[in-house]
Structure formats: C-alpha cells, structure tokens
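Peer 1: Next up, model.pdb (PDB, C-alpha atoms and all ligand atoms).
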ATOM      1  CA  MET R   1    -235.929 -22.960-124.724
ATOM      2  CA  ASN R   2    -233.563 -20.218-123.665
ATOM      3  CA  ASP R   3    -231.495 -20.610-120.538
ATOM      4  CA  THR R   4    -233.003 -18.292-117.965
ATOM      5  CA  SER R   5    -231.123 -19.600-114.922
ATOM      6  CA  THR R   6    -229.017 -16.425-114.652
ATOM      7  CA  ILE R   7    -231.995 -14.064-114.667
ATOM      8  CA  SER R   8    -232.194 -11.775-111.631
ATOM      9  CA  THR R   9    -234.506  -8.983-112.781
ATOM     10  CA  ILE R  10    -238.019  -9.260-114.174
ATOM     11  CA  LEU R  11    -239.680  -6.373-115.977
ATOM     12  CA  LEU R  12    -243.436  -6.529-116.356
ATOM     13  CA  ASP R  13    -245.864  -4.854-118.666
ATOM     14  CA  ARG R  14    -249.126  -3.972-116.900
ATOM     15  CA  ASP R  15    -252.186  -4.235-119.155
ATOM     16  CA  GLY R  16    -252.661  -7.749-120.542
ATOM     17  CA  VAL R  17    -250.019  -9.150-118.185
ATOM     18  CA  ILE R  18    -250.970  -8.188-114.612
ATOM     19  CA  ASN R  19    -254.520  -7.075-115.349
ATOM     20  CA  PHE R  20    -256.996  -7.714-118.133
ATOM     21  CA  ASP R  21    -256.550  -5.219-120.933
ATOM     22  CA  SER R  22    -259.253  -3.466-122.907
ATOM     23  CA  PRO R  23    -259.188  -1.753-126.307
ATOM     24  CA  ASP R  24    -261.058   1.065-124.527
ATOM     25  CA  TYR R  25    -258.208   1.500-121.999
ATOM     26  CA  ILE R  26    -258.370   1.035-118.248
ATOM     27  CA  LEU R  27    -259.917   4.273-117.055
ATOM     28  CA  THR R  28    -261.308   3.508-113.592
ATOM     29  CA  ALA R  29    -260.156   1.501-110.594
ATOM     30  CA  SER R  30    -263.086  -0.906-111.066
ATOM     31  CA  GLN R  31    -261.923  -1.645-114.629
ATOM     32  CA  TRP R  32    -258.585  -2.800-113.232
ATOM     33  CA  GLN R  33    -259.065  -6.543-112.758
ATOM     34  CA  ALA R  34    -256.119  -8.825-112.064
ATOM     35  CA  ILE R  35    -255.596 -11.752-114.416
ATOM     36  CA  PRO R  36    -255.905 -14.954-112.332
ATOM     37  CA  GLY R  37    -252.520 -15.924-110.884
ATOM     38  CA  SER R  38    -250.748 -12.677-111.790
ATOM     39  CA  LEU R  39    -250.560 -11.298-108.249
ATOM     40  CA  LYS R  40    -249.324 -14.644-106.965
ATOM     41  CA  ALA R  41    -246.714 -14.632-109.726
ATOM     42  CA  ILE R  42    -245.386 -11.263-108.547
ATOM     43  CA  ALA R  43    -245.248 -12.539-104.964
ATOM     44  CA  ARG R  44    -243.344 -15.635-106.101
ATOM     45  CA  ALA R  45    -240.838 -13.455-107.928
ATOM     46  CA  LYS R  46    -240.193 -11.525-104.731
ATOM     47  CA  GLN R  47    -239.925 -14.676-102.632
ATOM     48  CA  ALA R  48    -237.402 -16.076-105.104
ATOM     49  CA  GLY R  49    -235.273 -12.929-104.823
ATOM     50  CA  PHE R  50    -235.917 -11.409-108.223
ATOM     51  CA  GLN R  51    -235.977  -7.652-108.608
ATOM     52  CA  THR R  52    -239.121  -6.483-110.369
ATOM     53  CA  ALA R  53    -240.189  -3.383-112.244
ATOM     54  CA  LEU R  54    -243.337  -2.296-113.992
ATOM     55  CA  ILE R  55    -242.806  -0.910-117.509
ATOM     56  CA  SER R  56    -246.095   0.369-118.865
ATOM     57  CA  ASN R  57    -247.334   2.609-121.681
ATOM     58  CA  GLN R  58    -250.221   4.703-120.364
ATOM     59  CA  SER R  59    -251.101   6.992-123.231
ATOM     60  CA  ALA R  60    -254.634   7.468-121.867
ATOM     61  CA  LEU R  61    -252.987  10.132-119.698
ATOM     62  CA  GLY R  62    -251.439  11.993-122.633
ATOM     63  CA  ARG R  63    -254.609  11.571-124.661
ATOM     64  CA  GLY R  64    -256.565  13.289-121.895
ATOM     65  CA  MET R  65    -258.788  10.244-121.346
ATOM     66  CA  ILE R  66    -257.937   9.865-117.659
ATOM     67  CA  SER R  67    -256.874  12.312-114.968
ATOM     68  CA  GLN R  68    -253.625  11.881-113.072
ATOM     69  CA  THR R  69    -255.681  11.571-109.874
ATOM     70  CA  THR R  70    -257.714   8.655-111.226
ATOM     71  CA  PHE R  71    -254.618   7.057-112.694
ATOM     72  CA  ASP R  72    -252.850   7.310-109.331
ATOM     73  CA  ALA R  73    -255.905   5.744-107.658
ATOM     74  CA  ILE R  74    -255.747   2.799-110.081
ATOM     75  CA  HIS R  75    -252.063   2.284-109.310
ATOM     76  CA  ALA R  76    -252.695   2.575-105.575
ATOM     77  CA  ALA R  77    -255.357  -0.131-105.862
ATOM     78  CA  MET R  78    -252.985  -2.275-107.915
ATOM     79  CA  MET R  79    -250.164  -1.917-105.385
ATOM     80  CA  LEU R  80    -252.560  -2.749-102.543
ATOM     81  CA  ALA R  81    -253.721  -5.881-104.378
ATOM     82  CA  ILE R  82    -250.087  -6.880-104.962
ATOM     83  CA  HIS R  83    -249.156  -6.271-101.332
ATOM     84  CA  GLN R  84    -252.164  -8.237-100.100
ATOM     85  CA  GLN R  85    -250.704 -11.234-101.933
ATOM     86  CA  HIS R  86    -247.326 -10.498-100.292
ATOM     87  CA  GLY R  87    -245.765  -9.217-103.483
ATOM     88  CA  SER R  88    -244.189  -5.908-104.400
ATOM     89  CA  LEU R  89    -242.755  -4.028-107.344
ATOM     90  CA  ASP R  90    -239.335  -2.471-106.780
ATOM     91  CA  VAL R  91    -239.736   0.143-109.507
ATOM     92  CA  VAL R  92    -242.881   1.423-111.204
ATOM     93  CA  MET R  93    -242.397   3.197-114.511
ATOM     94  CA  TYR R  94    -245.038   4.335-116.909
ATOM     95  CA  CYS R  95    -245.001   6.503-120.008
ATOM     96  CA  PRO R  96    -247.853   9.037-119.845
ATOM     97  CA  HIS R  97    -247.281  10.425-123.321
ATOM     98  CA  ALA R  98    -249.468  10.200-126.393
ATOM     99  CA  PRO R  99    -247.876   8.349-129.348
ATOM    100  CA  ASP R 100    -247.201  11.604-131.237
ATOM    101  CA  ALA R 101    -245.484  13.328-128.290
ATOM    102  CA  GLY R 102    -242.019  12.371-129.499
ATOM    103  CA  CYS R 103    -240.946  11.012-126.109
ATOM    104  CA  LEU R 104    -238.152   8.491-125.623
ATOM    105  CA  CYS R 105    -239.964   6.410-123.017
ATOM    106  CA  ARG R 106    -242.942   4.999-124.886
ATOM    107  CA  LYS R 107    -242.468   1.378-125.889
ATOM    108  CA  PRO R 108    -241.319   0.160-128.454
ATOM    109  CA  LEU R 109    -238.513   2.549-127.486
ATOM    110  CA  PRO R 110    -236.268   1.214-124.711
ATOM    111  CA  GLY R 111    -236.195   4.383-122.546
ATOM    112  CA  MET R 112    -238.228   3.088-119.613
ATOM    113  CA  ILE R 113    -236.393  -0.230-119.543
ATOM    114  CA  GLN R 114    -233.033   1.536-119.514
ATOM    115  CA  GLN R 115    -234.149   3.824-116.681
ATOM    116  CA  ALA R 116    -235.488   0.907-114.656
ATOM    117  CA  LEU R 117    -232.243  -1.043-115.079
ATOM    118  CA  GLU R 118    -230.326   2.000-113.877
ATOM    119  CA  GLN R 119    -232.555   2.424-110.838
ATOM    120  CA  LEU R 120    -232.267  -1.272-110.001
ATOM    121  CA  ASP R 121    -228.544  -1.379-110.747
ATOM    122  CA  ALA R 122    -229.394  -4.324-112.987
ATOM    123  CA  THR R 123    -227.746  -5.648-116.139
ATOM    124  CA  ALA R 124    -229.659  -6.122-119.369
ATOM    125  CA  SER R 125    -228.166  -9.582-119.909
ATOM    126  CA  THR R 126    -229.664 -10.885-116.649
ATOM    127  CA  THR R 127    -233.069  -9.291-117.189
ATOM    128  CA  VAL R 128    -236.272 -10.423-118.872
ATOM    129  CA  MET R 129    -239.234  -8.338-120.003
ATOM    130  CA  ILE R 130    -242.598 -10.065-119.845
ATOM    131  CA  GLY R 131    -245.209  -8.493-122.098
ATOM    132  CA  ASP R 132    -248.241  -9.298-124.206
ATOM    133  CA  SER R 133    -247.649  -7.005-127.164
ATOM    134  CA  LEU R 134    -245.176  -6.625-129.978
ATOM    135  CA  ARG R 135    -244.129  -3.259-128.505
ATOM    136  CA  ASP R 136    -242.969  -5.016-125.352
ATOM    137  CA  VAL R 137    -240.870  -7.416-127.406
ATOM    138  CA  GLN R 138    -239.422  -4.589-129.497
ATOM    139  CA  ALA R 139    -238.565  -2.490-126.443
ATOM    140  CA  ALA R 140    -236.927  -5.464-124.741
ATOM    141  CA  ILE R 141    -234.808  -6.279-127.777
ATOM    142  CA  ALA R 142    -233.839  -2.610-128.202
ATOM    143  CA  ALA R 143    -232.669  -2.543-124.572
ATOM    144  CA  GLY R 144    -230.764  -5.813-124.864
ATOM    145  CA  VAL R 145    -233.192  -7.532-122.514
ATOM    146  CA  ARG R 146    -234.644 -10.954-123.202
ATOM    147  CA  PRO R 147    -238.324 -10.762-124.174
ATOM    148  CA  ILE R 148    -240.912 -13.219-122.909
ATOM    149  CA  LEU R 149    -244.347 -13.161-124.518
ATOM    150  CA  VAL R 150    -247.564 -13.966-122.676
ATOM    151  CA  GLN R 151    -250.826 -14.496-124.516
ATOM    152  CA  SER R 152    -253.191 -13.000-121.937
ATOM    153  CA  GLY R 153    -253.772  -9.699-123.725
ATOM    154  CA  TYR R 154    -256.804  -8.787-125.800
ATOM    155  CA  GLY R 155    -255.067  -8.667-129.184
ATOM    156  CA  ASP R 156    -254.692 -11.441-131.767
ATOM    157  CA  ALA R 157    -252.225 -13.526-129.784
ATOM    158  CA  GLU R 158    -251.185 -15.714-132.715
ATOM    159  CA  ALA R 159    -250.543 -12.731-134.982
ATOM    160  CA  ILE R 160    -248.481 -11.096-132.230
ATOM    161  CA  LEU R 161    -246.522 -14.319-131.755
ATOM    162  CA  THR R 162    -245.788 -14.582-135.477
ATOM    163  CA  LYS R 163    -244.418 -11.017-135.510
ATOM    164  CA  ALA R 164    -242.498 -11.565-132.283
ATOM    165  CA  ARG R 165    -240.876 -14.709-133.700
ATOM    166  CA  ALA R 166    -239.764 -12.698-136.723
ATOM    167  CA  LEU R 167    -237.786 -10.543-134.275
ATOM    168  CA  ASP R 168    -236.639 -13.348-131.964
ATOM    169  CA  ALA R 169    -237.092 -16.819-133.406
ATOM    170  CA  SER R 170    -236.554 -18.489-130.033
ATOM    171  CA  ILE R 171    -238.756 -16.205-127.940
ATOM    172  CA  ALA R 172    -240.359 -17.961-124.987
ATOM    173  CA  VAL R 173    -244.168 -17.802-125.005
ATOM    174  CA  TYR R 174    -246.624 -18.673-122.239
ATOM    175  CA  PRO R 175    -250.360 -18.387-121.758
ATOM    176  CA  ASP R 176    -250.059 -15.975-118.837
ATOM    177  CA  LEU R 177    -247.795 -14.460-116.192
ATOM    178  CA  ILE R 178    -248.102 -17.219-113.609
ATOM    179  CA  THR R 179    -247.066 -19.843-116.171
ATOM    180  CA  ALA R 180    -244.152 -17.693-117.320
ATOM    181  CA  MET R 181    -243.087 -17.074-113.732
ATOM    182  CA  ASN R 182    -243.237 -20.744-112.807
ATOM    183  CA  ALA R 183    -241.016 -21.534-115.791
ATOM    184  CA  LEU R 184    -238.509 -18.873-114.690
ATOM    185  CA  LEU R 185    -238.526 -20.232-111.147
ATOM    186  CA  ASP R 186    -238.079 -23.805-112.392
ATOM    187  CA  SER R 187    -235.047 -22.771-114.457
ATOM    188  CA  LYS R 188    -233.540 -21.010-111.439
ATOM    189  CA  GLY R 189    -233.817 -24.301-109.567
TER     190      GLY R 189
HETATM  191 MG    MG R 201    -249.824  -4.873-122.537
END
Here is a file; write its structure as structure tokens.
Ligand SMILES: [Mg+2]
Peer 2:
Amino acid sequence: MNDTSTISTILLDRDGVINFDSPDYILTASQWQAIPGSLKAIARAKQAGFQTALISNQSALGRGMISQTTFDAIHAAMMLAIHQQHGSLDVVMYCPHAPDAGCLCRKPLPGMIQQALEQLDATASTTVMIGDSLRDVQAAIAAGVRPILVQSGYGDAEAILTKARALDASIAVYPDLITAMNALLDSKG
C-alpha cells in the first residue's frame, strides 16, 4: 500500500462517500442520508489535524432538476449533521454545471481540486482525494493528488475498481469512508 504518512489534506467527494448516492440524484434534504460512519470519519480527520474539502459534481443544478434554494438547504443539513458529530469541512466546492456546459470545474477535470488546494494553501503531493467514482480518480490524478477509492457508491464497484486500477495500479481501495479514514490515521501514527 502507498505511504500516506505525509498526507495533510483530505478531499472528499459527497455522493457515495459521505451520503448514499442515487441514480436519480439527491434532490431533497430527506434524500440526503449519511453513510454509516462517514460523519465520524470527518470528525476524526479534524481531530487528527487534517485539512478537509468537499469536491462534488452537482449537475442536478445545471440540469434544472433542483433549485439553488433546495440545494443550499441540503448542504445546510449536511453541515449541521457534520457539526453535530464535531466535524467540519474547511472548504466546500461543488460544480453546478451540466456535463455539456464546457466548464473547467466538473470532475474528471481537476479545476475544483486545484481551487481547493489554493484556498487551503495545500500541496498536491500531500493531499488525497477520496471518491467512489472513476471521475474522482481521474480528477485526482489530473491534479497530481493521490486518489483513494471507496466502494460505497451505487455503481458497479468492481467495474469502477478495474478501470481505476488501469489508471493507478496501486490505488488504495476501501469499503467506505470510515475504513479509509482509519487507514489514513493509522499510517499517520
Ligand atoms: Mg460520488
């Protein structure tokens, strides 16, 4: 397994990592349900002194499937749930654009990761990106950040892993965020 003892910044995808994802998108606050252990994992990251940022594609906004008001309410509920577990996110970034908008932020492009690193004054070489999809892995690699794959999304986890390994043969893979976080904390010692 890769040496992660020098990692100081953790970037997190949202859907399929912090909360259960759905092929029908997360369109209401009640559809936002934390994956067991994920909020505790974010709290542990904070307690251990990691910087954290959310890096999330939210094309439901650009597709007109959800209003900004409802989206903001979902994020407010998410932040409250994180805070109630004594966690926090230092930076929250999301791409609101539809896939055909031609933006530079939507993963697999590295735009959001690069912006988050700038805001955090963090270095790519000491940063990991934890995601459940191939786009997360691609964006991480494009930004020079180490990808970590979790298999708590709704997609075909084994197919995603096969494709991810084609991009990074030694990619670390865990069932979920809490397991990935515990491994990072163990390596930090
Ligand atoms: Mg995801």
Peer 1: Can you work out which residues are within 10 Å of ligand MG 201 (chain R), considering all atoms listed in the file, and then hand them over as a PyMOL selection string?
Peer 2: chain R and resi 12-22+55-58+130-136+150-155
Peer 1: Which residues, named as in the file, does the PyMOL selection byres (((chain R and resi 97) around 10) and not hetatm) pick out? Answer as a list of chain:residue names.
Peer 2: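 Evaluating the PyMOL selection byres (((chain R and resi 97) around 10) and not hetatm) on these coordinates yields R:Asn57, R:Gln58, R:Ser59, R:Ala60, R:Leu61, R:Gly62, R:Arg63, R:Gly64, R:Tyr94, R:Cys95, R:Pro96, R:Ala98, R:Pro99, R:Asp100, R:Ala101, R:Gly102, R:Cys103, R:Leu104, R:Cys105, R:Arg106.
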Peer 1: May I have the residues at most 8 Å from (-230.7, -12.9, -119.8) in the file's coordinates, counting all atoms listed in the file, as a list of chain:residue names?
Peer 2: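 Protein, DNA and RNA residues close to (-230.7, -12.9, -119.8): R:Asp3, R:Thr4, R:Thr6, R:Ile7, R:Ala124, R:Ser125, R:Thr126, R:Thr127, R:Val128, R:Val145, R:Arg146.
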Peer 1: Could you please determine the separation between atom CA of R:Pro108 and atom CA of R:Ala139 in Å, to one decimal place?
Peer 2: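 Distance reported for this atom pair: 4.3 Å.
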Peer 1: Could you tell me which residues the PyMOL selection byres (((chain R and resi 27-38) around 7) and not hetatm) returns for this structure, as a ChimeraX atom specification?
Peer 2: /R:18-20,25-26,39-42,66,70,73-74,77,177-178
Peer 1: What gap, in Å, lies between atom CA of R:Gln138 and atom CA of R:Tyr174?
Peer 2: 17.4 Å
Peer 1: Decode the PyMOL selection byres (((chain R and resi 184-188) around 9) and not hetatm) for the given file into explicit residues and return them as an MDAnalysis selection string.
Peer 2: chainID R and resid 3:7 44:45 48 179:183 189
